[in-house]
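Source file: structure-v4.txt. Holds: compact mmCIF, C-alpha atoms.
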# COMPACT_ATOMS: atom_id res chain seq x y z
CA MET A 1 121.29 126.60 95.19
CA SER A 2 118.28 126.56 92.93
CA TYR A 3 118.66 122.77 92.66
CA VAL A 4 118.09 122.46 96.41
CA ALA A 5 115.14 124.83 96.18
CA ASP A 6 113.62 122.78 93.35
CA VAL A 7 114.02 119.55 95.29
CA ARG A 8 112.52 121.15 98.38
CA ALA A 9 109.52 122.48 96.46
CA LEU A 10 108.87 119.15 94.77
CA ALA A 11 109.25 117.12 97.95
CA ARG A 12 107.05 119.59 99.79
CA LYS A 13 104.37 119.05 97.14
CA ASP A 14 104.43 115.28 97.72
CA LEU A 15 104.35 115.56 101.49
CA LEU A 16 101.55 118.12 101.37
CA LEU A 17 99.57 115.91 99.02
CA GLU A 18 99.95 113.00 101.41
CA LEU A 19 99.05 115.15 104.39
CA ARG A 20 95.80 116.20 102.73
CA ALA A 21 94.77 113.03 100.93
CA ARG A 22 96.31 110.44 103.31
CA ASP A 23 96.51 107.92 100.51
CA THR A 24 99.69 106.04 101.19
CA LEU A 25 100.94 106.15 104.74
CA PRO A 26 97.90 104.70 106.56
CA ALA A 27 97.89 101.84 104.05
CA MET A 28 101.58 101.17 104.66
CA LEU A 29 101.08 101.16 108.43
CA LEU A 30 98.12 98.80 108.33
CA PHE A 31 99.92 96.57 105.88
CA VAL A 32 103.06 96.18 107.93
CA VAL A 33 101.14 95.31 111.09
CA ALA A 34 99.00 92.83 109.16
CA VAL A 35 102.16 91.23 107.79
CA PHE A 36 103.56 90.88 111.30
CA VAL A 37 100.41 89.04 112.35
CA VAL A 38 100.65 86.80 109.29
CA PHE A 39 104.28 86.09 110.13
CA HIS A 40 103.42 85.25 113.71
CA PHE A 41 101.16 82.48 112.51
CA SER A 42 103.61 81.31 109.86
CA LEU A 43 106.42 80.91 112.41
CA PRO A 44 105.88 77.70 114.38
CA ASP A 45 106.47 77.76 118.11
CA ARG A 46 110.11 76.73 118.22
CA SER A 47 111.29 78.89 115.34
CA SER A 48 114.26 80.97 116.36
CA ASP A 49 114.38 84.70 116.91
CA LEU A 50 116.73 84.80 113.95
CA ALA A 51 113.89 83.78 111.66
CA ALA A 52 111.72 86.59 113.02
CA GLY A 53 114.59 89.05 112.42
CA GLY A 54 114.79 87.94 108.80
CA LEU A 55 111.04 88.22 108.35
CA LEU A 56 111.11 91.77 109.70
CA TRP A 57 113.20 92.67 106.64
CA VAL A 58 110.74 90.99 104.32
CA ALA A 59 107.88 92.90 105.94
CA VAL A 60 109.64 96.24 105.54
CA LEU A 61 110.60 95.48 101.94
CA PHE A 62 107.01 94.67 101.01
CA THR A 63 105.73 97.72 102.86
CA ALA A 64 108.18 99.85 100.93
CA LEU A 65 106.96 98.25 97.74
CA LEU A 66 103.42 99.28 98.63
CA GLY A 67 104.54 102.88 99.11
CA LEU A 68 106.62 102.90 95.93
CA GLY A 69 103.70 101.57 93.94
CA ARG A 70 101.72 104.64 94.98
CA ALA A 71 104.58 107.10 94.53
CA PHE A 72 103.87 108.16 90.94
CA VAL A 73 100.12 107.57 90.94
CA PRO A 74 99.21 111.27 91.41
CA GLU A 75 101.54 112.22 88.56
CA ARG A 76 99.88 109.65 86.34
CA GLU A 77 96.29 110.35 87.27
CA GLN A 78 96.58 114.13 87.10
CA ARG A 79 98.83 113.96 84.02
CA LEU A 80 101.46 115.87 85.95
CA PHE A 81 104.49 114.28 84.32
CA ASP A 82 104.46 116.54 81.27
CA GLY A 83 104.28 119.58 83.47
CA LEU A 84 107.15 118.39 85.65
CA VAL A 85 109.33 117.62 82.65
CA LEU A 86 108.56 121.02 81.12
CA ALA A 87 109.40 122.80 84.36
CA PRO A 88 112.72 124.66 84.18
CA CYS A 89 114.52 122.42 86.65
CA ASP A 90 117.02 119.59 86.40
CA ARG A 91 115.09 116.35 85.83
CA SER A 92 117.06 114.53 88.50
CA ALA A 93 115.51 116.92 91.02
CA ILE A 94 112.18 115.19 90.35
CA TRP A 95 113.74 111.86 91.25
CA LEU A 96 115.52 113.20 94.32
CA ALA A 97 112.38 114.89 95.65
CA LYS A 98 110.26 111.81 95.08
CA SER A 99 112.90 109.64 96.76
CA LEU A 100 112.94 111.95 99.76
CA ALA A 101 109.15 111.88 100.00
CA THR A 102 108.97 108.06 99.84
CA LEU A 103 111.89 107.89 102.28
CA THR A 104 109.87 109.99 104.70
CA PHE A 105 106.84 107.71 104.37
CA LEU A 106 108.96 104.61 104.84
CA ALA A 107 110.75 106.11 107.84
CA VAL A 108 107.44 107.00 109.50
CA ALA A 109 106.14 103.49 108.79
CA GLU A 110 109.26 102.02 110.39
CA VAL A 111 109.07 104.29 113.43
CA VAL A 112 105.72 102.66 114.08
CA ALA A 113 106.58 99.17 112.81
CA LEU A 114 109.82 98.54 114.70
CA PRO A 115 108.33 99.05 118.20
CA ILE A 116 105.38 96.87 117.22
CA PHE A 117 107.82 94.22 116.04
CA ALA A 118 109.64 94.50 119.37
CA LEU A 119 106.31 94.07 121.14
CA PHE A 120 105.22 91.05 119.09
CA PHE A 121 108.54 89.24 118.62
CA HIS A 122 111.78 90.43 120.22
CA GLY A 123 113.75 93.60 120.89
CA ILE A 124 115.75 95.47 118.25
CA ASP A 125 119.29 96.73 118.72
CA GLY A 126 120.93 99.89 117.45
CA VAL A 127 122.76 98.05 114.67
CA THR A 128 119.47 96.94 113.16
CA VAL A 129 118.17 100.50 113.26
CA ALA A 130 121.35 101.71 111.54
CA ALA A 131 120.95 98.99 108.92
CA PHE A 132 117.35 100.10 108.32
CA VAL A 133 118.44 103.70 107.84
CA LEU A 134 120.99 102.64 105.22
CA ALA A 135 118.65 100.15 103.58
CA ASP A 136 115.83 102.72 103.37
CA ILE A 137 118.03 105.02 101.34
CA GLY A 138 118.81 102.24 98.88
CA ILE A 139 115.18 101.07 98.71
CA CYS A 140 113.84 104.56 98.07
CA THR A 141 116.44 105.70 95.55
CA VAL A 142 116.28 102.56 93.42
CA GLY A 143 112.58 102.02 94.04
CA THR A 144 111.64 105.52 92.94
CA LEU A 145 113.49 105.15 89.66
CA VAL A 146 112.01 101.72 89.00
CA GLY A 147 108.59 103.04 90.03
CA ALA A 148 108.89 105.81 87.43
CA MET A 149 109.63 103.09 84.87
CA ALA A 150 106.75 100.87 85.90
CA VAL A 151 104.21 103.67 85.86
CA VAL A 152 104.59 104.33 82.12
CA THR A 153 104.15 100.66 81.15
CA ARG A 154 100.88 98.90 80.43
CA ALA A 155 101.38 96.43 83.28
CA ARG A 156 102.03 99.21 85.86
CA ASP A 157 101.52 97.85 89.39
CA LEU A 158 102.27 94.33 88.24
CA LEU A 159 105.68 95.26 86.95
CA LEU A 160 107.09 97.17 89.92
CA PRO A 161 107.81 94.15 92.18
CA LEU A 162 109.27 92.23 89.25
CA LEU A 163 111.63 95.06 88.38
CA PHE A 164 112.46 95.95 91.95
CA LEU A 165 112.93 92.69 93.88
CA PRO A 166 116.02 91.43 91.99
CA LEU A 167 117.60 94.83 92.63
CA ALA A 168 116.59 94.67 96.29
CA ILE A 169 118.12 91.26 97.01
CA PRO A 170 121.54 92.77 97.89
CA ILE A 171 119.80 95.21 100.28
CA LEU A 172 118.02 92.33 101.96
CA ILE A 173 121.26 90.37 102.31
CA GLY A 174 123.04 93.36 103.83
CA GLY A 175 120.17 94.11 106.19
CA VAL A 176 119.57 90.57 107.38
CA GLY A 177 123.31 90.08 107.77
CA ALA A 178 123.59 93.17 109.96
CA THR A 179 120.64 91.95 112.05
CA VAL A 180 121.71 88.36 112.66
CA VAL A 181 125.52 88.32 112.53
CA GLY A 182 127.69 89.17 115.53
CA SER A 183 130.06 91.56 113.73
CA PRO A 184 127.83 93.64 111.45
CA GLY A 185 130.47 96.15 110.27
CA ARG A 186 130.97 94.71 106.81
CA TYR A 187 127.22 94.47 106.20
CA LEU A 188 126.64 98.10 107.09
CA LEU A 189 129.56 99.02 104.87
CA PHE A 190 128.07 97.00 102.05
CA LEU A 191 124.71 98.77 102.44
CA ALA A 192 126.46 102.14 102.33
CA LEU A 193 128.32 101.07 99.19
CA TYR A 194 125.07 99.96 97.56
CA ASP A 195 123.42 103.28 98.43
CA ALA A 196 126.26 105.33 97.00
CA LEU A 197 126.59 103.30 93.81
CA PHE A 198 122.91 103.14 92.94
CA ALA A 199 122.14 106.69 94.04
CA VAL A 200 124.68 107.99 91.55
CA LEU A 201 123.35 105.70 88.84
CA CYS A 202 119.72 106.73 89.49
CA TRP A 203 120.64 110.39 89.66
CA ALA A 204 122.42 110.19 86.32
CA SER A 205 119.82 108.11 84.50
CA PHE A 206 116.47 109.50 85.69
CA GLU A 207 116.39 112.09 82.93
CA TYR A 208 116.15 109.33 80.32
CA ILE A 209 113.14 107.78 82.06
CA VAL A 210 110.96 110.87 81.79
CA THR A 211 112.19 112.26 78.47
CA GLU A 212 112.39 110.77 75.02
CA MET B 1 103.65 103.62 67.03
CA SER B 2 106.69 101.73 65.78
CA GLY B 3 109.86 103.61 66.57
CA PRO B 4 112.39 105.10 64.23
CA HIS B 5 114.74 102.14 64.72
CA GLY B 6 112.65 100.21 62.22
CA THR B 7 113.81 102.37 59.36
CA MET B 8 117.44 101.98 60.36
CA ALA B 9 117.32 98.32 59.51
CA GLY B 10 120.30 98.41 57.15
CA VAL B 11 123.42 96.70 58.39
CA GLY B 12 126.15 99.13 59.40
CA ARG B 13 128.87 100.10 57.01
CA THR B 14 131.67 98.57 59.04
CA TYR B 15 132.95 95.25 57.77
CA ARG B 16 131.42 92.20 59.43
CA ILE B 17 132.33 88.55 59.17
CA PRO B 18 129.71 86.88 56.95
CA LEU B 19 127.20 84.72 58.80
CA PRO B 20 127.90 81.40 57.01
CA ALA B 21 131.58 81.69 57.95
CA LEU B 22 130.62 82.36 61.54
CA ALA B 23 128.26 79.40 61.58
CA ALA B 24 130.95 77.11 60.15
CA ALA B 25 133.49 78.38 62.67
CA SER B 26 131.17 77.74 65.58
CA LEU B 27 130.38 74.25 64.31
CA VAL B 28 134.07 73.36 64.03
CA LEU B 29 134.94 74.92 67.37
CA VAL B 30 132.07 73.32 69.28
CA THR B 31 132.89 69.89 67.82
CA THR B 32 136.59 70.29 68.63
CA ALA B 33 135.75 71.48 72.14
CA LEU B 34 133.47 68.50 72.80
CA ALA B 35 136.10 66.09 71.46
CA LEU B 36 138.76 67.64 73.67
CA VAL B 37 136.50 67.67 76.72
CA PHE B 38 135.35 64.08 76.37
CA PHE B 39 138.39 62.30 74.91
CA VAL B 40 141.54 64.27 75.61
CA ALA B 41 141.20 66.10 78.91
CA PRO B 42 142.15 63.89 81.88
CA ASN B 43 139.68 62.76 84.51
CA ASP B 44 139.56 64.92 87.62
CA ALA B 45 141.29 63.25 90.58
CA ASP B 46 138.46 63.99 93.02
CA GLN B 47 135.30 64.12 90.96
CA GLY B 48 136.13 61.85 88.05
CA PHE B 49 134.21 62.03 84.81
CA SER B 50 131.46 64.38 85.97
CA GLN B 51 133.92 67.23 86.45
CA ARG B 52 134.08 67.54 82.66
CA ILE B 53 130.83 69.48 82.68
CA PHE B 54 132.86 72.36 84.06
CA TYR B 55 134.49 73.02 80.71
CA VAL B 56 131.04 73.75 79.33
CA HIS B 57 129.58 75.30 82.48
CA VAL B 58 132.35 77.82 83.11
CA SER B 59 132.70 78.87 79.49
CA ILE B 60 128.94 79.34 79.16
CA ALA B 61 128.91 81.44 82.33
CA PHE B 62 131.71 83.66 81.05
CA THR B 63 129.90 84.04 77.73
CA ALA B 64 126.68 85.02 79.51
CA TYR B 65 128.52 87.73 81.46
CA LEU B 66 129.99 89.04 78.23
CA CYS B 67 126.52 89.12 76.63
CA PHE B 68 125.13 91.12 79.57
CA GLY B 69 128.15 93.40 79.35
CA LEU B 70 127.63 93.89 75.63
CA GLY B 71 123.95 94.62 76.24
CA ALA B 72 124.87 97.29 78.77
CA TRP B 73 127.51 98.75 76.47
CA LYS B 74 125.00 99.06 73.64
CA ALA B 75 122.52 100.58 76.09
CA LEU B 76 125.12 103.14 77.03
CA LEU B 77 125.74 103.88 73.35
CA HIS B 78 122.00 104.41 72.91
CA LEU B 79 121.74 106.86 75.79
CA TRP B 80 125.02 108.62 75.15
CA LYS B 81 125.58 108.71 71.39
CA ARG B 82 121.97 108.08 70.35
CA GLU B 83 123.09 105.35 67.98
CA PRO B 84 119.93 104.26 66.18
CA ALA B 85 120.79 100.56 66.04
CA ALA B 86 121.98 100.30 69.63
CA ASP B 87 118.58 99.63 71.22
CA LEU B 88 117.91 96.51 69.19
CA GLU B 89 121.51 95.33 69.61
CA SER B 90 121.29 95.77 73.36
CA TYR B 91 118.07 93.78 73.47
CA VAL B 92 119.46 90.94 71.35
CA ALA B 93 122.67 90.76 73.40
CA ILE B 94 120.66 90.51 76.61
CA HIS B 95 118.41 87.91 75.04
CA GLN B 96 121.46 85.77 74.24
CA GLY B 97 122.75 86.41 77.75
CA VAL B 98 119.52 85.09 79.23
CA ILE B 99 119.65 81.98 77.03
CA PHE B 100 123.23 81.26 78.07
CA GLY B 101 122.36 82.16 81.67
CA ALA B 102 119.58 79.58 81.67
CA LEU B 103 122.11 77.04 80.38
CA VAL B 104 124.43 77.96 83.25
CA LEU B 105 121.61 77.18 85.67
CA VAL B 106 120.91 73.86 83.94
CA THR B 107 124.53 72.71 83.72
CA GLY B 108 125.24 73.89 87.26
CA SER B 109 122.21 72.04 88.50
CA ILE B 110 123.28 68.81 86.79
CA TRP B 111 126.74 69.15 88.27
CA ALA B 112 125.30 69.79 91.73
CA ARG B 113 123.11 66.69 91.45
CA ILE B 114 126.03 64.46 90.51
CA SER B 115 128.60 65.93 92.88
CA TRP B 116 126.52 66.71 95.95
CA GLY B 117 123.32 64.78 95.39
CA HIS B 118 121.04 67.84 95.20
CA TRP B 119 119.62 69.61 92.19
CA TRP B 120 120.07 72.95 93.83
CA LEU B 121 122.77 74.25 96.17
CA TRP B 122 122.47 77.65 97.81
CA SER B 123 126.14 77.39 98.70
CA GLU B 124 127.19 77.65 95.05
CA ASN B 125 127.72 81.39 94.64
CA GLN B 126 127.84 81.30 90.89
CA LEU B 127 124.52 79.48 90.62
CA VAL B 128 122.77 81.80 93.06
CA LEU B 129 124.13 84.83 91.25
CA PHE B 130 122.82 83.51 87.95
CA LEU B 131 119.42 82.93 89.52
CA VAL B 132 119.31 86.57 90.63
CA LEU B 133 120.46 87.72 87.19
CA PHE B 134 117.95 85.46 85.52
CA LEU B 135 115.15 87.05 87.56
CA PHE B 136 116.48 90.51 86.81
CA TYR B 137 116.75 90.02 83.07
CA ALA B 138 113.43 88.19 82.87
CA ALA B 139 111.95 91.38 84.33
CA TYR B 140 113.80 93.26 81.57
CA PHE B 141 111.71 91.38 79.02
CA MET B 142 108.52 92.05 80.97
CA LEU B 143 109.41 95.74 80.89
CA ARG B 144 110.24 95.71 77.20
CA PHE B 145 107.07 93.95 76.14
CA SER B 146 104.87 96.13 78.30
CA ILE B 147 105.64 99.40 76.48
CA ASP B 148 104.92 100.32 72.88
CA ALA B 149 108.01 100.39 70.68
CA GLY B 150 109.52 103.82 70.48
CA PRO B 151 112.11 106.14 72.00
CA GLN B 152 110.65 105.84 75.48
CA ARG B 153 110.90 102.06 75.45
CA ALA B 154 114.47 102.27 74.19
CA ASN B 155 115.40 104.65 77.01
CA LEU B 156 113.77 102.63 79.76
CA CYS B 157 115.30 99.39 78.57
CA ALA B 158 118.72 101.00 78.26
CA VAL B 159 118.61 102.34 81.81
CA TYR B 160 117.47 98.97 83.14
CA ALA B 161 120.25 97.20 81.21
CA LEU B 162 122.79 99.54 82.78
CA PHE B 163 121.40 98.72 86.21
CA GLY B 164 122.02 95.07 85.40
CA VAL B 165 125.70 95.51 84.81
CA VAL B 166 126.03 97.32 88.15
CA LEU B 167 123.91 94.68 89.85
CA ILE B 168 126.26 91.85 88.77
CA PRO B 169 129.26 92.81 90.96
CA VAL B 170 127.02 94.11 93.76
CA SER B 171 125.07 90.85 93.87
CA PHE B 172 128.27 88.86 93.65
CA LEU B 173 129.58 90.68 96.70
CA ALA B 174 126.25 90.33 98.51
CA ILE B 175 126.02 86.61 97.87
CA ARG B 176 129.57 86.16 99.13
CA LEU B 177 128.57 88.05 102.28
CA ALA B 178 125.42 85.97 102.66
CA GLN B 179 127.48 82.78 102.81
CA ARG B 180 128.60 83.80 106.27
CA PHE B 181 125.15 83.50 107.77
CA ILE B 182 123.39 81.16 105.38
CA HIS B 183 126.02 78.53 104.62
CA PRO B 184 129.16 78.77 106.74
CA VAL B 185 130.80 75.89 104.84
CA VAL B 186 132.31 76.95 101.55
CA PHE B 187 133.29 74.25 99.11
CA THR B 188 136.58 74.68 97.36
CA ARG B 189 136.18 73.69 93.81
CA HIS B 190 139.52 72.75 92.30
CA GLY B 191 142.46 71.37 94.15
CA ALA B 192 144.31 70.37 91.01
CA ALA B 193 146.55 72.60 88.96
CA PHE B 194 145.06 74.19 85.88
CA GLY B 195 147.48 73.28 83.13
CA GLY B 196 148.25 71.10 80.13
CA TRP B 197 145.30 69.55 78.33
CA ILE B 198 142.90 70.90 80.93
CA MET B 199 143.89 74.42 79.94
CA VAL B 200 143.66 73.64 76.22
CA ALA B 201 140.24 71.99 76.56
CA TYR B 202 138.97 74.91 78.59
CA LEU B 203 140.28 77.56 76.23
CA VAL B 204 138.86 75.82 73.16
CA SER B 205 135.48 75.41 74.92
CA GLN B 206 135.55 79.06 75.84
CA ALA B 207 136.34 80.12 72.28
CA ALA B 208 133.62 77.80 70.97
CA MET B 209 130.98 79.29 73.26
CA LEU B 210 132.01 82.86 72.44
CA VAL B 211 131.85 82.27 68.69
CA LEU B 212 128.58 80.39 69.06
CA ALA B 213 127.08 83.24 71.07
CA TYR B 214 128.25 85.81 68.56
CA THR B 215 126.79 83.77 65.69
CA LEU B 216 123.45 83.48 67.46
CA TYR B 217 123.56 87.19 68.21
CA ARG B 218 124.10 88.02 64.56
CA VAL B 219 121.39 85.60 63.40
CA GLU B 220 118.83 87.01 65.80
CA LEU B 221 119.82 90.57 64.99
CA SER B 222 119.41 90.09 61.24
CA GLY B 223 116.07 88.35 61.82
CA LYS B 224 114.81 91.17 64.00
CA ARG B 225 115.98 93.77 61.49
CA LEU B 226 114.19 91.94 58.73
CA ASP B 227 111.03 91.92 60.85
CA ALA B 228 111.33 95.65 61.38
CA ARG B 229 111.83 96.31 57.67
CA ILE B 230 108.82 94.20 56.74
CA ARG B 231 106.73 96.08 59.30
CA ASP B 232 107.86 99.39 57.84
CA LEU B 233 107.11 98.28 54.30
CA ARG B 234 103.66 97.04 55.30
CA ARG B 235 102.93 100.39 56.85
CA VAL B 236 104.13 102.26 53.81
CA TYR B 237 102.08 100.19 51.37
CA ALA B 238 99.00 99.76 53.52
Final structure tokens representation of the file:
Amino acid sequence: MSYVADVRALARKDLLLELRARDTLPAMLLFVVAVFVVFHFSLPDRSSDLAAGGLLWVAVLFTALLGLGRAFVPEREQRLFDGLVLAPCDRSAIWLAKSLATLTFLAVAEVVALPIFALFFHGIDGVTVAAFVLADIGICTVGTLVGAMAVVTRARDLLLPLLFLPLAIPILIGGVGATVVGSPGRYLLFLALYDALFAVLCWASFEYIVTE
Amino acid sequence: MSGPHGTMAGVGRTYRIPLPALAAASLVLVTTALALVFFVAPNDADQGFSQRIFYVHVSIAFTAYLCFGLGAWKALLHLWKREPAADLESYVAIHQGVIFGALVLVTGSIWARISWGHWWLWSENQLVLFLVLFLFYAAYFMLRFSIDAGPQRANLCAVYALFGVVLIPVSFLAIRLAQRFIHPVVFTRHGAAFGGWIMVAYLVSQAAMLVLAYTLYRVELSGKRLDARIRDLRRVYA
């Protein structure tokens, strides 16, 4: 049970930090709306709704990337990593808590972004929402691990998209497929498979990212 | 800040085939393979002469997968058994994989141009998969060269290499799924049976590419180890 308590304490720290500093979430919200406006002007008049549905996924992916890029900034700036690693808890708890915190930010951003998308472009069905729930899990689990990698490199913010986007291509395929295809079952299944596979891999390997 | 792997530059105690023998074997095999592909294997009924690039293309692709697999295996050995040489071996294997992967893209592109009239086809799953892998492993190098050498770099690279080997089947599946909404038409590649001289030419090409890749792997590895030893010596005598 102490594992759950550790995760809760760590996630609570991240959420509290965001609640007080408001560093990440407002930026993500502004960004996603700005991207929608950019997309409106990059879609010519007769472009199909399908194209808008695909672009919605791109917008969310980039918004997530923005949040993930900020995820480990407090740890880096306050030199918190050493403290976290020294703390008597399983190292994977750090990853899980950070994933949950970024998942919360992304979910809040989507709760705002999806209705705005519906307002600007076209309505969104339940399948798309389900696909976003599944995709968010994959984005945040993998993204958090890759973010922890990027933050210790010299290139930092430059490296995160390069490391993350090739890993996110399957998520995008699953998500766009679920949005545009008539029978989305296999795409949702694929997203669930991706989540399970990579969550286990991240959980098992995070320790090696933060220790030597 | 050079890591401890530099001092472990000595070749392992297990017996290894000497490099000159490997180089000779790859020369003979590659020559034989080319002779078989160009002069012995029959023309394809549908695609004629141009289909012969497949002997090279497919065997290179298989070799590239094996290199990525070897890189991930060595990464696992680094994380699990803490083998001191595994980090460098993993890096070199992935480097060879990326070289062969780039060749897959080039040969596939040439084939696409001749067969379908376009340099790039999104409907060719294998090509698209190699593009994704190429991007992924190019990022691996960005990661590697953006951290100082040491245990942390070895760990990060090993974890990323392991992600790669999981990404291969996942991407393969995803690209297959994407065909349904991006390109509904799927080309079937071979109608003809896969036997006789075709089989022989393919198997020899495959063997040639595998031996060539292993030779290059060994050459690069010994070069990198020499570099590391020289760096260590310089530091000692500085």
What residues in chain B lie within 10 Å of chain A, counting only C-alpha atoms, written as a PyMOL selection string? chain B and resi 79+131-140+142-148+150-160+162-164+166-168+170-182
Atom-to-atom span, CA of Ala64 in chain B and CA of Gln206 in chain B, Å: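 The value is 11.3 Å.
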Pick out the residues sitting within 12 Å of Val28 in chain B, and hand them over as a PyMOL selection string; count all atoms listed in the file, and ignore anything fewer than 4 positions along from it in its own chain. chain B and resi 21-24+32-35+204-205+207-209+211-212
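Neighbours of range 99-101 of chain B closer than or equal to 7 Å, with all atoms listed in the file counted and sequence neighbours fewer than 2 positions away skipped, come out as Ile60, Ala61, Ala64, His95, Gln96, Gly97, Leu103, Val104, Leu105, Phe130 and Phe134 of chain B.
The coordinates place CA of Leu29 in chain A at 12.5 Å from CA of Leu65 in chain A.
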Which of these, A:Glu110, A:Asp45, A:Asp195, A:Asp14, has the shortest distance to Phe72 in chain A once you count all atoms listed in the file?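 When distances to Phe72 in chain A are compared using all atoms listed in the file, the smallest one comes from A:Asp14.
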Could you jot down the CA of Gly175 in chain A to CA of Ala131 in chain A separation for me, Å, one decimal place?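 Taking CA of Gly175 in chain A as the start and CA of Ala131 in chain A as the end point, the length is 5.6 Å.
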Close residues, Gly108 in chain B itself excluded, 8 Å, only C-alpha atoms, min 4 positions apart in chain, as a PDB file with C-alpha atoms, in the frame of the given file:
ATOM      1  CA  HIS B  57     129.580  75.300  82.480  1.00  0.00           C
ATOM      2  CA  VAL B 104     124.430  77.960  83.250  1.00  0.00           C
ATOM      3  CA  ALA B 112     125.300  69.790  91.730  1.00  0.00           C
ATOM      4  CA  LEU B 127     124.520  79.480  90.620  1.00  0.00           C
TER       5      LEU B 127
END
